[in-house]
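> The structure follows.
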Amino acid sequence: MTSKFTAIYRIRASADQIADRAQAIAIEQSVEMPVGAIEDESVRAEIVGQVENIQDRQDGTFDVAVRLDTGTTGFEAGQLMNIVFGNSSIHDDVTLQDLILPLELTSRFTGPRYGPQGLRARVAATGRGLTCSALKPLGLPADKFGALAQRLALGGLDYIKDDHGLADQDRAPFAARVASIAAALNAAAEHTGKRTRYLPSITGNLDAMRLQVRIARDHGLDSLLIAPMVVGLASFQTIVRENADFAVFAHPAMAGASRIAPSALYGRIFRMLGADGVIFPNAGGRFGYSTATCRAIADAAITPWTNVKPSMPVPAGGMKLANLNDALDFYGADVMLLIGGDLLAAREDMTRQARAFQTVVETHDYC
């Protein structure tokens, strides 16, 4: 008897159509052919997807739980996604809502190595949220990125990341940019006594990504930023597995094109593949996530789940310095607040505003 896992789909259908639609999705995501044409009885009994439950949400949609065979995933990121949502992602009436995965499956993936506890330890923080900002805009030369990073680090921020749009472009080649920023942060640490961590954006094909990781390591870095949906989940999984000394943050670029519920994508899939931090759009910013969606993402990232360590929730995307205490009240201590544009807009006052940002997070009452 092979082990099973459950995929939960949200399907738009009428009450008289949902049973047939659910069965069609179960077949589509398993054998993808008429069941009556399958001659092998073991395939019919063990591999064909089985509809476990159908729940009417009373809004024209239904949550459908489908049991699928664990072995068909090949215990590999890309094939896992192919089995749970490959063909059905093309159906415009279906969303992948959640995954219920057994230990047999989750244990075959790396999961976060550091998570909230490890990320705090890297900056000697205890029992509090963390701070982060972003290096922008795309188009600056490498030396100006270094100068910008130094101003932010002098404010005492815990982490600084590349903008996800930064790659190996001519205006600021990866090697030159990393060298400039690493040197700037070392200089800032001599003044503050604190080493701000830097997350370079790792991009390109797998060979290019491996080279960029080596460059980052040569400059004493220990953290990376990767957009899993841009580089590919299998490449993301590979980089995580090969670099146990690096904390890895998952960026949400292209994640909205997938029709996968954000809590499942960030809090389940990215987490299981090894994201120590999961960046997502905060409610009230430039994107349309609700507070309920953000709460669901944060909960999925940190709630105990088989053997998988938690990921640090990193809300971002238009967050404001004026709303820091509200954000900390909402997320609690297991959060890294990422403020980019609002902090960069301070310009000549940036270092002082970064220090104010850091002070609020350090002194907030998390009880």
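How things are named: the first chain in the structure tokens is A, the next is B, and so on; residues count from 1 in each chain; ligands count from 1 in the order shown.
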Please give the complete set of residues from stretch 135-250 of chain A that DSSP, run on the backbone, assigns to strand (DSSP E or B), formatted as a ChimeraX atom specification.
/A:135,159-162,197-199,201,223-226,247-250
> Using the selection just defined, write its residues with N, CA and C atoms as a PDB file, in the first residue's frame.

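Now in out_15.pdb:
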```
ATOM      1  N   LEU A 135      17.621  47.680  -1.397  1.00  0.00           N
ATOM      2  CA  LEU A 135      18.496  48.546  -2.175  1.00  0.00           C
ATOM      3  C   LEU A 135      17.859  48.808  -3.534  1.00  0.00           C
ATOM      4  N   TYR A 159      18.989  43.502   8.560  1.00  0.00           N
ATOM      5  CA  TYR A 159      19.207  42.921   7.232  1.00  0.00           C
ATOM      6  C   TYR A 159      18.969  43.981   6.160  1.00  0.00           C
ATOM      7  N   ILE A 160      19.677  43.846   5.054  1.00  0.00           N
ATOM      8  CA  ILE A 160      19.470  44.655   3.856  1.00  0.00           C
ATOM      9  C   ILE A 160      19.467  43.692   2.678  1.00  0.00           C
ATOM     10  N   LYS A 161      18.519  43.870   1.772  1.00  0.00           N
ATOM     11  CA  LYS A 161      18.449  42.973   0.619  1.00  0.00           C
ATOM     12  C   LYS A 161      18.538  43.752  -0.685  1.00  0.00           C
ATOM     13  N   ASP A 162      19.007  43.071  -1.723  1.00  0.00           N
ATOM     14  CA  ASP A 162      18.877  43.615  -3.068  1.00  0.00           C
ATOM     15  C   ASP A 162      17.406  43.743  -3.423  1.00  0.00           C
ATOM     16  N   ARG A 197      23.370  42.128   7.965  1.00  0.00           N
ATOM     17  CA  ARG A 197      23.416  41.053   6.976  1.00  0.00           C
ATOM     18  C   ARG A 197      22.876  41.541   5.633  1.00  0.00           C
ATOM     19  N   TYR A 198      23.510  41.090   4.565  1.00  0.00           N
ATOM     20  CA  TYR A 198      23.138  41.497   3.206  1.00  0.00           C
ATOM     21  C   TYR A 198      22.687  40.285   2.404  1.00  0.00           C
ATOM     22  N   LEU A 199      21.554  40.431   1.706  1.00  0.00           N
ATOM     23  CA  LEU A 199      20.994  39.375   0.873  1.00  0.00           C
ATOM     24  C   LEU A 199      21.135  39.754  -0.593  1.00  0.00           C
ATOM     25  N   SER A 201      20.683  39.289  -4.567  1.00  0.00           N
ATOM     26  CA  SER A 201      19.679  38.621  -5.390  1.00  0.00           C
ATOM     27  C   SER A 201      20.366  37.634  -6.325  1.00  0.00           C
ATOM     28  N   SER A 223      23.763  35.028   3.512  1.00  0.00           N
ATOM     29  CA  SER A 223      22.322  35.089   3.257  1.00  0.00           C
ATOM     30  C   SER A 223      22.094  35.340   1.773  1.00  0.00           C
ATOM     31  N   LEU A 224      20.983  34.836   1.254  1.00  0.00           N
ATOM     32  CA  LEU A 224      20.664  34.966  -0.158  1.00  0.00           C
ATOM     33  C   LEU A 224      19.197  35.337  -0.342  1.00  0.00           C
ATOM     34  N   LEU A 225      18.908  36.010  -1.466  1.00  0.00           N
ATOM     35  CA  LEU A 225      17.542  36.303  -1.888  1.00  0.00           C
ATOM     36  C   LEU A 225      17.305  35.612  -3.224  1.00  0.00           C
ATOM     37  N   ILE A 226      16.245  34.799  -3.294  1.00  0.00           N
ATOM     38  CA  ILE A 226      15.912  34.096  -4.530  1.00  0.00           C
ATOM     39  C   ILE A 226      14.402  34.167  -4.740  1.00  0.00           C
ATOM     40  N   ALA A 247      21.482  31.340   4.877  1.00  0.00           N
ATOM     41  CA  ALA A 247      20.044  31.523   5.063  1.00  0.00           C
ATOM     42  C   ALA A 247      19.467  32.004   3.733  1.00  0.00           C
ATOM     43  N   VAL A 248      18.314  31.482   3.350  1.00  0.00           N
ATOM     44  CA  VAL A 248      17.734  31.790   2.046  1.00  0.00           C
ATOM     45  C   VAL A 248      16.349  32.404   2.231  1.00  0.00           C
ATOM     46  N   PHE A 249      16.145  33.537   1.570  1.00  0.00           N
ATOM     47  CA  PHE A 249      14.857  34.220   1.606  1.00  0.00           C
ATOM     48  C   PHE A 249      14.172  34.042   0.254  1.00  0.00           C
ATOM     49  N   ALA A 250      12.878  33.721   0.280  1.00  0.00           N
ATOM     50  CA  ALA A 250      12.098  33.548  -0.937  1.00  0.00           C
ATOM     51  C   ALA A 250      11.352  34.837  -1.255  1.00  0.00           C
TER      52      ALA A 250
END
```
> Suppose you want the space between atom CA of A:Phe75 and atom CA of A:Tyr114; what is it in Å?
22.0 Å
> Would you mind listing what lies within 8 Å of stretch 274-281 of chain A as number ranges by chain, with only C-alpha atoms counted and same-chain residues fewer than 6 positions away left out?
A: 109-116, 119, 237, 240, 247-252, 266-267, 287-289, 294, 301, 310-317
> Which value, in Å to one decimal, gives the distance between atom CA of A:Ala15 and atom CA of A:Met33?
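Distance reported for this atom pair: 24.6 Å.
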> Can you work out which one of A:Cys367, A:Leu321, A:Ala300, A:Leu105 has the shortest atom-to-atom distance to A:Cys132, counting only C-alpha atoms?
A:Leu321
> Write out as JSON, numbers by chain all residues of stretch 49-185 of chain A that DSSP puts in alpha helix (DSSP H) for this structure's backbone.
{"A": [77, 78, 79, 80, 81, 82, 83, 84, 85, 103, 104, 105, 106, 115, 116, 117, 118, 119, 120, 121, 142, 143, 144, 145, 146, 147, 148, 149, 150, 151, 152, 153, 154, 174, 175, 176, 177, 178, 179, 180, 181, 182, 183, 184, 185]}
> Can you pull out every residue within 12 Å of A:Asp207, counting only C-alpha atoms, but drop anything in the same chain fewer than 4 positions away, and send it as a PyMOL selection string?
chain A and resi 202-203+211-214+231+235+238-239
> So what do you get for atom CA of A:Ile11 versus atom CA of A:Ser42, distance-wise?
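According to the coordinates, atom CA of A:Ile11 and atom CA of A:Ser42 are separated by 28.6 Å.
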> Applying 10 Å and only C-alpha atoms, which residues near A:Gln150 remain after dropping the ones on its own chain fewer than 5 positions away? List them as a list of chain:residue names.
A:Lys144, A:Phe145, A:Gly155, A:Gly156, A:Ile160, A:Ser180, A:Ile181, A:Ala182, A:Ala183, A:Ala184, A:Leu185, A:Asn186, A:Ala187, A:Ala188, A:Ala189, A:Thr196, A:Thr351
> With N, CA and C atoms retained, could you export that selection as a JSON list (two decimals), in the first residue's frame?

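Dumped to again_20.json:
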```json
[["chain", "number", "residue", "atom", "x", "y", "z"],
["A", 144, "LYS", "N", 27.29, 53.21, -5.99],
["A", 144, "LYS", "CA", 26.18, 53.91, -5.34],
["A", 144, "LYS", "C", 25.33, 52.95, -4.52],
["A", 145, "PHE", "N", 25.22, 51.71, -4.95],
["A", 145, "PHE", "CA", 24.54, 50.72, -4.11],
["A", 145, "PHE", "C", 25.31, 50.52, -2.81],
["A", 155, "GLY", "N", 22.42, 52.97, 10.38],
["A", 155, "GLY", "CA", 21.22, 53.09, 11.21],
["A", 155, "GLY", "C", 20.96, 51.85, 12.05],
["A", 156, "GLY", "N", 21.77, 50.81, 11.88],
["A", 156, "GLY", "CA", 21.66, 49.63, 12.73],
["A", 156, "GLY", "C", 20.69, 48.57, 12.27],
["A", 160, "ILE", "N", 19.68, 43.85, 5.05],
["A", 160, "ILE", "CA", 19.47, 44.66, 3.86],
["A", 160, "ILE", "C", 19.47, 43.69, 2.68],
["A", 180, "SER", "N", 31.12, 45.86, -3.61],
["A", 180, "SER", "CA", 30.91, 47.21, -3.11],
["A", 180, "SER", "C", 30.06, 47.21, -1.84],
["A", 181, "ILE", "N", 28.98, 46.44, -1.85],
["A", 181, "ILE", "CA", 28.07, 46.43, -0.70],
["A", 181, "ILE", "C", 28.72, 45.73, 0.49],
["A", 182, "ALA", "N", 29.40, 44.63, 0.25],
["A", 182, "ALA", "CA", 30.06, 43.93, 1.36],
["A", 182, "ALA", "C", 31.09, 44.82, 2.02],
["A", 183, "ALA", "N", 31.87, 45.54, 1.23],
["A", 183, "ALA", "CA", 32.87, 46.45, 1.80],
["A", 183, "ALA", "C", 32.20, 47.57, 2.58],
["A", 184, "ALA", "N", 31.10, 48.09, 2.06],
["A", 184, "ALA", "CA", 30.39, 49.18, 2.74],
["A", 184, "ALA", "C", 29.83, 48.71, 4.08],
["A", 185, "LEU", "N", 29.32, 47.50, 4.13],
["A", 185, "LEU", "CA", 28.76, 47.00, 5.39],
["A", 185, "LEU", "C", 29.85, 46.70, 6.40],
["A", 186, "ASN", "N", 31.00, 46.26, 5.92],
["A", 186, "ASN", "CA", 32.13, 46.07, 6.84],
["A", 186, "ASN", "C", 32.57, 47.40, 7.44],
["A", 187, "ALA", "N", 32.59, 48.45, 6.62],
["A", 187, "ALA", "CA", 32.96, 49.77, 7.11],
["A", 187, "ALA", "C", 31.94, 50.28, 8.12],
["A", 188, "ALA", "N", 30.66, 50.05, 7.85],
["A", 188, "ALA", "CA", 29.61, 50.49, 8.77],
["A", 188, "ALA", "C", 29.74, 49.74, 10.10],
["A", 189, "ALA", "N", 30.08, 48.46, 10.04],
["A", 189, "ALA", "CA", 30.20, 47.67, 11.27],
["A", 189, "ALA", "C", 31.31, 48.18, 12.17],
["A", 196, "THR", "N", 25.44, 44.27, 9.80],
["A", 196, "THR", "CA", 24.18, 44.12, 9.09],
["A", 196, "THR", "C", 24.33, 43.05, 8.02],
["A", 351, "THR", "N", 19.72, 57.61, 7.45],
["A", 351, "THR", "CA", 20.36, 56.89, 8.55],
["A", 351, "THR", "C", 19.61, 57.12, 9.86]]
```
> Go through stretch 107-212 of chain A residue by residue and, counting only C-alpha atoms, keep those with an atom at most 10 Å from stretch 342-346 of chain A; for each kept residue give the shortest atom pair and its distance in Å to one decimal, ordered by chain and increasing number, as JSON lines.

```
{"residue": "A:Ser133", "atom": "CA", "partner": "A:Leu343", "partner_atom": "CA", "distance": 7.7}
{"residue": "A:Ala134", "atom": "CA", "partner": "A:Leu344", "partner_atom": "CA", "distance": 8.5}
{"residue": "A:Leu135", "atom": "CA", "partner": "A:Leu344", "partner_atom": "CA", "distance": 8.5}
{"residue": "A:Lys136", "atom": "CA", "partner": "A:Leu344", "partner_atom": "CA", "distance": 8.1}
{"residue": "A:Pro137", "atom": "CA", "partner": "A:Leu344", "partner_atom": "CA", "distance": 9.7}
{"residue": "A:Leu148", "atom": "CA", "partner": "A:Leu344", "partner_atom": "CA", "distance": 8.9}
{"residue": "A:Leu152", "atom": "CA", "partner": "A:Leu344", "partner_atom": "CA", "distance": 8.9}
```
> Restrict the selected residues to C-alpha atoms and save them as an mmCIF file, in the first residue's frame.

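Below is the file part_20.cif, written as the result:
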```
data_model
loop_
_atom_site.group_PDB
_atom_site.id
_atom_site.type_symbol
_atom_site.label_atom_id
_atom_site.label_comp_id
_atom_site.auth_asym_id
_atom_site.auth_seq_id
_atom_site.Cartn_x
_atom_site.Cartn_y
_atom_site.Cartn_z
ATOM 1 C CA SER A 133 15.334 47.367 3.907
ATOM 2 C CA ALA A 134 15.875 47.110 0.155
ATOM 3 C CA LEU A 135 18.496 48.546 -2.175
ATOM 4 C CA LYS A 136 16.849 50.525 -4.985
ATOM 5 C CA PRO A 137 16.441 51.733 -7.683
ATOM 6 C CA LEU A 148 23.264 53.400 -0.012
ATOM 7 C CA LEU A 152 21.172 52.053 5.993
#
```
> Ranking A:Asn325, A:Leu99, A:Ala167, A:Thr192 by minimum distance to A:Arg151 and counting only C-alpha atoms, which one comes first?
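Of all the options, A:Thr192 lies closest to A:Arg151.
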> Write out as CSV a residue-level contact list of stretch 44-150 of chain A versus stretch 354-361 of chain A with cut-off 7 Å: for each qualifying residue the closest pair of atoms and the distance in Å to one decimal, counting only C-alpha atoms, rows sorted by chain and residue number upward.

```
residue,atom,partner,partner_atom,distance
A:Gly129,CA,A:Val361,CA,6.1
A:Leu130,CA,A:Val361,CA,6.9
A:Thr131,CA,A:Gln358,CA,6.5
```
> Applying 8 Å and only C-alpha atoms, which residues near A:Arg12 remain after dropping the ones on its own chain fewer than 5 positions away? List them as a PyMOL selection string.
chain A and resi 60-62+93-94
> Given the selection you just returned, output its residues as a file containing N, CA and C atoms, formatted as a PDB file, in the first residue's frame.

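Saved the output as selection.pdb:
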```pdb
ATOM      1  N   GLY A  60     -20.649  29.909  -4.296  1.00  0.00           N
ATOM      2  CA  GLY A  60     -20.430  29.480  -5.668  1.00  0.00           C
ATOM      3  C   GLY A  60     -19.144  28.699  -5.859  1.00  0.00           C
ATOM      4  N   THR A  61     -18.430  28.460  -4.752  1.00  0.00           N
ATOM      5  CA  THR A  61     -17.210  27.665  -4.827  1.00  0.00           C
ATOM      6  C   THR A  61     -17.275  26.530  -3.819  1.00  0.00           C
ATOM      7  N   PHE A  62     -16.441  25.516  -4.067  1.00  0.00           N
ATOM      8  CA  PHE A  62     -16.373  24.348  -3.200  1.00  0.00           C
ATOM      9  C   PHE A  62     -14.913  24.027  -2.923  1.00  0.00           C
ATOM     10  N   ASP A  93     -11.148  27.730 -13.384  1.00  0.00           N
ATOM     11  CA  ASP A  93     -12.110  27.604 -12.287  1.00  0.00           C
ATOM     12  C   ASP A  93     -11.506  26.915 -11.066  1.00  0.00           C
ATOM     13  N   VAL A  94     -10.190  26.686 -11.070  1.00  0.00           N
ATOM     14  CA  VAL A  94      -9.558  25.900 -10.016  1.00  0.00           C
ATOM     15  C   VAL A  94      -8.394  26.675  -9.400  1.00  0.00           C
TER      16      VAL A  94
END
```
> Compile the contact shell of A:Pro141 as a list of chain:residue names: residues with an atom at most 9 Å away, counting only C-alpha atoms, same-chain residues fewer than 6 positions apart removed.
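Contacts, with the query itself left out: A:Asp170, A:Arg171, A:Ala172, A:Pro173, A:Arg177.
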> For a quick check of understanding, using only C-alpha atoms, which of A:Ala37, A:Ala65, A:Ile269, A:Ala296 has the smallest distance to A:Gln50?
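Once distances to A:Gln50 are computed over only C-alpha atoms, the minimum belongs to A:Ala65.
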> Here is a test: counting only C-alpha atoms, which residue of A:Phe85, A:Gln17, A:Gly284, A:Arg108 is nearest to A:Arg241?
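Checking each of A:Phe85, A:Gln17, A:Gly284, A:Arg108 against A:Arg241, counting only C-alpha atoms, the winner is A:Arg108.
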> Smallest atom-to-atom distance to A:Met254: which of A:Ile90, A:Met229, A:Leu273, A:Met81, using only C-alpha atoms?
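Result for the nearest residue to A:Met254: A:Met229.
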